[in-house]
Amino acid sequence: MSNTPKTLFEKIWEQHVVVEPKGEPTVLYIDLQLVHEVTSAQAFEGLRLAGRKVRRPDRTIATVDHNVPTTIEGRLNITDPIAATQISTLRQNCKEAGIEFYDIDSPKQGVVHVIGPEQGFTKPGMTIVCGDSHTSTHGAFGALAFGVGTSEAEHVLATQTLPQSKAKTFRISVEGELPKGVTAKDIILAIIGEIGTDGATGYAVEYAGSAIRALSMEGRMTVCNMSIEAGARAGMIAPDEKTFAYLKGRPYAPKGADWDKAVEEWKKLPSDAGAKYDRELTIDATKLAPYVSWGTSPGMVAPVTSPVPDPASQKTEIDRKNLAKALEYMGLAAGTDMRTVPVDVVFIGSCTNGRIEDMRAAAKIAKGYKVASTVKAIVVPGSQLVKAEAEKEGLDKIFREAGFEWREPGCSMCLAMNADMLQPGERSASTSNRNFEGRQGRAGRTHLVSPEMAAAAAIKGHFVDIRNWEVKA
Amino acid sequence: MEKFKTLTSVPTPLDRTNVDTDQIIPKQFLKRIERTGYEDFLFFDWRQTPNGKPIADFVLNDARFKGSKILVAGKNFACGSSREHAVWALSDYGFRVVIAPTFADIFYSNAGKNGIVLIKLSEEQVDQLLKNAQTIPGYQLTVSLEEQTVKDGRGFEAKFEFDAFRKYCLTEGLDDIGLTLRHAAALDGFEKQHDQAGWLRVR
């Protein structure tokens, strides 16, 4: 081995190379596969048809999140027979294969990308996959984590490996102190707005810089979570003392002497000084603002104070057409001040912003206020543990008193596979990750924002600049 | 996996960029546990009104493109969700080839596992194909994976880059898991060592 300085990505990659057959993709070992109900049934079925077994059930964890109802009554009796079958199929598959499964009534159930870290399954240096594009969330711990399709999920179940071509590396440094009211969500929305939804295609992104170091683990997860929205294969952040402090004492974190040994190894992971990246970008954190998406792709975002852009301002015909189509779908005119746009529904939750810190941030804004009479607002904690902790802190009470609904954990209105969805023409302020056409319900209009911005929009009935919010004690 | 060598078909022009997998197949069809039968759900919301009436100006409802096996689309095709159902829907509908300037990474992997050939041409070339497909009656394209060419027999001829190993798998119709299991001994050896690394253990 040479002494060439290496990136975090390269170090993890090298530790997981099983074999590099000439002229073929590398066979990469996968430490952990997370499984949920929506993308797994066909993978298990594929194994059965080929007479194959799950190679490492101990390196596999499953839960239900995508299609589960978020009301108590809904969970006791799932009325959608196709969704119910999908859940019972996963239950049966896990039982047959000996895979640990957090069922709908488990106190550990939750969104797959929330429970991995909170249980301590997610660890620095690991390779992690899941049949879900937001698997990059786990990269916040200095893991190489990426989303896969069902065939790849089957491949990992059968072999605990994946054939992979090495991604290029892209370091995005966010430097300086974030202004008041500007959050991790705004950092990642700003990045996607800057580089575009295909700006990082083919790259593993490493987020670095003082603004990233200053983020909590929850904030780092929010940033890594949306890497896929810029097209990135993975998003990651070097582990540091905050990472170790978050992990220590978690149920599946190493204990005693194993812990000390683990920390020693994890400390070797950060990129070496002088390591080369294929691409670099620096963002000035001090210039960032609270963002709102105005269009039908996560790259269509702007600071809340910026007017909705004019298609005529675009350089190419195809861009003008795309922008006009997006505005037509969103029911917005060019030049509109986003702070005047009313919302019908507010959704606080998802793998992007469904963690305890997000609940606290939204509750802080909501405290002492009332949700506008024109708005339906729901808060969906990311997991049962997040829900329990929030209730211990009295956050549920703050939300309920303000007029928010306090729900059971799941993906909920992020992708609207369950009953939580927008009606045609309804407009939402949402802490989720995608504002695609129909994402939250056919003809629904989604605006992506931080938890603080979402809570404020619920109260005022329209978007506001959170920097001017009066927090009540 | 079905082998792929050459294919001639009328191309379907989908003149949009950043087409996401939520459009290719909306979420309500992801609850099924089957791997086939997704053809009617392809571009569901663009294809029909909420009442189930076909939307006349959407390309899939244009009689000229009936039976098409080649889809031509704008850049960053199939971005967003990892749902392999997007590939199954395209495949079940009859598409074997998608031509675009760029594709999203996860979709690229998923397509390869299902015998769908993704061809990257320049934005200018794709624009030309979109225009030709819309304006020339009876327009046909021939895709040869062996030669790595796209031709229309009337002057359009493009060479494309294609990963050599992916080409080998597609032309031979090889199963990925089987390919990996050729390395079973190496995997057993690696795994034994790797399991010793306590800091990378799941539990």
# chains A, B, ... in the order shown; residues from 1 in each chain; ligands from 1
>>> residues_around(residues="His183 of chain B", least_positions_apart="6", cutoff="9 Å", atoms="only C-alpha atoms", output="PDB file with all heavy atoms, in the first residue's frame")
ATOM      1  N   VAL A  18     -13.987  -7.325  -1.786  1.00  0.00           N
ATOM      2  CA  VAL A  18     -13.874  -8.786  -1.675  1.00  0.00           C
ATOM      3  C   VAL A  18     -12.961  -9.287  -2.792  1.00  0.00           C
ATOM      4  O   VAL A  18     -12.035 -10.045  -2.574  1.00  0.00           O
ATOM      5  CB  VAL A  18     -15.261  -9.465  -1.784  1.00  0.00           C
ATOM      6  CG1 VAL A  18     -15.134 -10.982  -1.807  1.00  0.00           C
ATOM      7  CG2 VAL A  18     -16.153  -9.015  -0.640  1.00  0.00           C
ATOM      8  N   VAL A  19     -13.242  -8.843  -3.988  1.00  0.00           N
ATOM      9  CA  VAL A  19     -12.429  -9.253  -5.132  1.00  0.00           C
ATOM     10  C   VAL A  19     -12.632  -8.224  -6.238  1.00  0.00           C
ATOM     11  O   VAL A  19     -13.687  -7.591  -6.334  1.00  0.00           O
ATOM     12  CB  VAL A  19     -12.802 -10.707  -5.569  1.00  0.00           C
ATOM     13  CG1 VAL A  19     -14.281 -10.879  -5.770  1.00  0.00           C
ATOM     14  CG2 VAL A  19     -12.063 -11.154  -6.814  1.00  0.00           C
ATOM     15  N   VAL A  27     -16.396  -6.501  -6.444  1.00  0.00           N
ATOM     16  CA  VAL A  27     -17.380  -7.113  -5.551  1.00  0.00           C
ATOM     17  C   VAL A  27     -17.151  -6.511  -4.164  1.00  0.00           C
ATOM     18  O   VAL A  27     -16.103  -6.708  -3.556  1.00  0.00           O
ATOM     19  CB  VAL A  27     -17.250  -8.649  -5.531  1.00  0.00           C
ATOM     20  CG1 VAL A  27     -18.227  -9.248  -4.525  1.00  0.00           C
ATOM     21  CG2 VAL A  27     -17.486  -9.224  -6.923  1.00  0.00           C
TER      22      VAL A  27
END
>>> closest_atom_pairs(of="segment 398-471 of chain A", to="segment 48-64 of chain B", cutoff="12 Å", atoms="only C-alpha atoms", output="JSON lines")
{"residue": "A:Gln423", "atom": "CA", "partner": "B:Pro50", "partner_atom": "CA", "distance": 11.7}
{"residue": "A:Pro424", "atom": "CA", "partner": "B:Pro50", "partner_atom": "CA", "distance": 9.7}
{"residue": "A:Gly438", "atom": "CA", "partner": "B:Pro50", "partner_atom": "CA", "distance": 11.8}
{"residue": "A:Gly441", "atom": "CA", "partner": "B:Pro50", "partner_atom": "CA", "distance": 11.5}
{"residue": "A:Arg442", "atom": "CA", "partner": "B:Pro50", "partner_atom": "CA", "distance": 8.3}
{"residue": "A:Ala443", "atom": "CA", "partner": "B:Pro50", "partner_atom": "CA", "distance": 9.5}
>>> write_last_selection(atoms="all heavy atoms", output="PDB file, in the first residue's frame")
ATOM      1  N   GLN A 423     -55.115  16.443  -1.351  1.00  0.00           N
ATOM      2  CA  GLN A 423     -56.189  16.375  -2.340  1.00  0.00           C
ATOM      3  C   GLN A 423     -55.751  17.215  -3.545  1.00  0.00           C
ATOM      4  O   GLN A 423     -54.892  18.089  -3.415  1.00  0.00           O
ATOM      5  CB  GLN A 423     -57.500  16.908  -1.743  1.00  0.00           C
ATOM      6  CG  GLN A 423     -58.027  16.064  -0.586  1.00  0.00           C
ATOM      7  CD  GLN A 423     -58.167  14.594  -0.939  1.00  0.00           C
ATOM      8  OE1 GLN A 423     -58.800  14.252  -1.926  1.00  0.00           O
ATOM      9  NE2 GLN A 423     -57.524  13.723  -0.152  1.00  0.00           N
ATOM     10  N   PRO A 424     -56.326  16.950  -4.720  1.00  0.00           N
ATOM     11  CA  PRO A 424     -55.919  17.706  -5.911  1.00  0.00           C
ATOM     12  C   PRO A 424     -55.976  19.217  -5.669  1.00  0.00           C
ATOM     13  O   PRO A 424     -56.953  19.729  -5.125  1.00  0.00           O
ATOM     14  CB  PRO A 424     -56.940  17.271  -6.970  1.00  0.00           C
ATOM     15  CG  PRO A 424     -57.350  15.896  -6.540  1.00  0.00           C
ATOM     16  CD  PRO A 424     -57.322  15.911  -5.045  1.00  0.00           C
ATOM     17  N   GLY A 438     -47.314  15.151  -7.952  1.00  0.00           N
ATOM     18  CA  GLY A 438     -48.089  14.041  -7.403  1.00  0.00           C
ATOM     19  C   GLY A 438     -47.439  13.301  -6.241  1.00  0.00           C
ATOM     20  O   GLY A 438     -47.988  12.330  -5.746  1.00  0.00           O
ATOM     21  N   GLY A 441     -49.707  13.187  -3.389  1.00  0.00           N
ATOM     22  CA  GLY A 441     -51.094  12.997  -3.817  1.00  0.00           C
ATOM     23  C   GLY A 441     -51.266  13.634  -5.184  1.00  0.00           C
ATOM     24  O   GLY A 441     -50.666  14.681  -5.462  1.00  0.00           O
ATOM     25  N   ARG A 442     -52.076  13.018  -6.021  1.00  0.00           N
ATOM     26  CA  ARG A 442     -52.230  13.498  -7.386  1.00  0.00           C
ATOM     27  C   ARG A 442     -52.678  14.958  -7.417  1.00  0.00           C
ATOM     28  O   ARG A 442     -53.614  15.329  -6.720  1.00  0.00           O
ATOM     29  CB  ARG A 442     -53.234  12.635  -8.145  1.00  0.00           C
ATOM     30  CG  ARG A 442     -53.276  12.982  -9.611  1.00  0.00           C
ATOM     31  CD  ARG A 442     -54.032  11.971 -10.418  1.00  0.00           C
ATOM     32  NE  ARG A 442     -53.997  12.406 -11.823  1.00  0.00           N
ATOM     33  CZ  ARG A 442     -54.126  11.599 -12.852  1.00  0.00           C
ATOM     34  NH1 ARG A 442     -54.299  10.317 -12.649  1.00  0.00           N
ATOM     35  NH2 ARG A 442     -54.071  12.062 -14.071  1.00  0.00           N
ATOM     36  N   ALA A 443     -51.957  15.759  -8.211  1.00  0.00           N
ATOM     37  CA  ALA A 443     -52.231  17.189  -8.375  1.00  0.00           C
ATOM     38  C   ALA A 443     -51.985  17.996  -7.098  1.00  0.00           C
ATOM     39  O   ALA A 443     -52.346  19.168  -7.013  1.00  0.00           O
ATOM     40  CB  ALA A 443     -53.630  17.439  -8.929  1.00  0.00           C
TER      41      ALA A 443
END
>>> interface_residues(of="chain B", to="chain A", cutoff="8 Å", atoms="only C-alpha atoms", output="PyMOL selection string")
chain B and resi 16-18+20+22-23+26-28+30-35+45+76+79-84+104-107+109-110+113+164-165+176-177+180-181+183+186-187+190+198-203
>>> atom_distance(atom1="atom CA of Glu241 of chain A", atom2="atom CA of Arg213 of chain A")
10.1 Å
>>> atom_distance(atom1="atom CA of Lys185 of chain A", atom2="atom CA of Glu206 of chain A")
16.4 Å
>>> atom_distance(atom1="atom CA of Ala86 of chain B", atom2="atom CA of Gly112 of chain B")
12.7 Å
>>> select_by_dssp(residues="segment 204-357 of chain A", states="strand (DSSP E)", output="ChimeraX atom specification")
/A:204-208,234-236,279-284,291-293,301-303,345-348
>>> select_by_dssp(residues="segment 96-187 of chain A", states="helix (DSSP H, G or I)", output="VMD selection string")
chain A and resid 96 to 97 112 to 119 133 to 141 150 to 159 184 to 187
>>> write_last_selection(atoms="C-alpha atoms", output="mmCIF file, in the first residue's frame")
data_model
loop_
_atom_site.group_PDB
_atom_site.id
_atom_site.type_symbol
_atom_site.label_atom_id
_atom_site.label_comp_id
_atom_site.auth_asym_id
_atom_site.auth_seq_id
_atom_site.Cartn_x
_atom_site.Cartn_y
_atom_site.Cartn_z
ATOM 1 C CA GLU A 96 -38.432 -17.630 7.593
ATOM 2 C CA ALA A 97 -34.999 -16.061 7.182
ATOM 3 C CA VAL A 112 -35.857 2.749 8.503
ATOM 4 C CA HIS A 113 -33.346 5.626 8.297
ATOM 5 C CA VAL A 114 -34.316 6.869 11.737
ATOM 6 C CA ILE A 115 -34.125 3.536 13.576
ATOM 7 C CA GLY A 116 -30.754 2.430 12.120
ATOM 8 C CA PRO A 117 -28.864 5.246 13.857
ATOM 9 C CA GLU A 118 -30.996 5.377 17.014
ATOM 10 C CA GLN A 119 -30.489 1.662 17.700
ATOM 11 C CA SER A 133 -32.860 6.146 -2.145
ATOM 12 C CA HIS A 134 -32.555 8.033 1.149
ATOM 13 C CA THR A 135 -30.146 5.453 2.564
ATOM 14 C CA SER A 136 -27.478 8.143 2.183
ATOM 15 C CA THR A 137 -28.805 9.408 5.567
ATOM 16 C CA HIS A 138 -26.490 6.949 7.334
ATOM 17 C CA GLY A 139 -23.489 8.606 5.677
ATOM 18 C CA ALA A 140 -23.756 11.226 8.436
ATOM 19 C CA PHE A 141 -21.876 8.733 10.639
ATOM 20 C CA THR A 150 -34.963 -4.634 -5.493
ATOM 21 C CA SER A 151 -32.645 -6.799 -7.633
ATOM 22 C CA GLU A 152 -29.640 -5.365 -5.819
ATOM 23 C CA ALA A 153 -31.379 -5.917 -2.471
ATOM 24 C CA GLU A 154 -31.823 -9.552 -3.507
ATOM 25 C CA HIS A 155 -28.157 -9.698 -4.485
ATOM 26 C CA VAL A 156 -27.157 -8.503 -1.022
ATOM 27 C CA LEU A 157 -29.543 -10.919 0.708
ATOM 28 C CA ALA A 158 -27.991 -13.780 -1.277
ATOM 29 C CA THR A 159 -24.314 -12.812 -1.140
ATOM 30 C CA ALA A 184 -29.303 21.904 8.004
ATOM 31 C CA LYS A 185 -32.314 21.606 5.686
ATOM 32 C CA ASP A 186 -31.524 24.999 4.188
ATOM 33 C CA ILE A 187 -27.882 23.973 3.633
#
>>> residues_around(residues="Gly74 of chain B", least_positions_apart="2", cutoff="8 Å", atoms="only C-alpha atoms", output="PyMOL selection string")
chain B and resi 14-19+72+76-77+100-102+123+126
>>> residues_around(residues="Val97 of chain B", least_positions_apart="2", cutoff="8 Å", atoms="only C-alpha atoms", output="count of residues only")
9
>>> closest_residue(among="A:Ala145, A:Val343, A:Ala457, A:Ala419", to="Ala362 of chain A", atoms="only C-alpha atoms")
A:Ala457
>>> residues_around(residues="Glu10 of chain A", least_positions_apart="5", cutoff="12 Å", atoms="only C-alpha atoms", output="ChimeraX atom specification")
/A:4-5,15-17,125,127,142-144,166-170,204-206,236,269-272,275-277
>>> write_last_selection(atoms="C-alpha atoms", output="mmCIF file, in the first residue's frame")
data_model
loop_
_atom_site.group_PDB
_atom_site.id
_atom_site.type_symbol
_atom_site.label_atom_id
_atom_site.label_comp_id
_atom_site.auth_asym_id
_atom_site.auth_seq_id
_atom_site.Cartn_x
_atom_site.Cartn_y
_atom_site.Cartn_z
ATOM 1 C CA THR A 4 -1.026 8.434 -0.916
ATOM 2 C CA PRO A 5 -3.488 10.472 1.169
ATOM 3 C CA GLN A 15 -11.786 -2.154 3.527
ATOM 4 C CA HIS A 16 -14.723 -3.770 1.746
ATOM 5 C CA VAL A 17 -13.234 -5.041 -1.511
ATOM 6 C CA GLY A 125 -16.798 2.850 8.372
ATOM 7 C CA THR A 127 -21.101 -0.136 4.043
ATOM 8 C CA GLY A 142 -18.999 8.333 8.189
ATOM 9 C CA ALA A 143 -20.502 5.226 6.613
ATOM 10 C CA LEU A 144 -20.752 4.503 2.893
ATOM 11 C CA LYS A 166 -16.158 3.026 -7.790
ATOM 12 C CA ALA A 167 -17.909 6.392 -7.566
ATOM 13 C CA LYS A 168 -15.978 9.605 -8.136
ATOM 14 C CA THR A 169 -15.440 11.829 -5.092
ATOM 15 C CA PHE A 170 -16.901 15.302 -4.570
ATOM 16 C CA ALA A 204 -19.972 10.088 -3.541
ATOM 17 C CA VAL A 205 -20.267 13.472 -1.844
ATOM 18 C CA GLU A 206 -18.345 14.275 1.323
ATOM 19 C CA MET A 236 -21.053 11.274 3.894
ATOM 20 C CA LEU A 269 -11.523 7.191 8.898
ATOM 21 C CA PRO A 270 -11.519 10.958 8.217
ATOM 22 C CA SER A 271 -9.921 11.956 4.915
ATOM 23 C CA ASP A 272 -6.155 12.458 5.104
ATOM 24 C CA ALA A 275 -6.413 13.747 -0.170
ATOM 25 C CA LYS A 276 -7.565 14.478 -3.719
ATOM 26 C CA TYR A 277 -11.205 14.764 -4.753
#
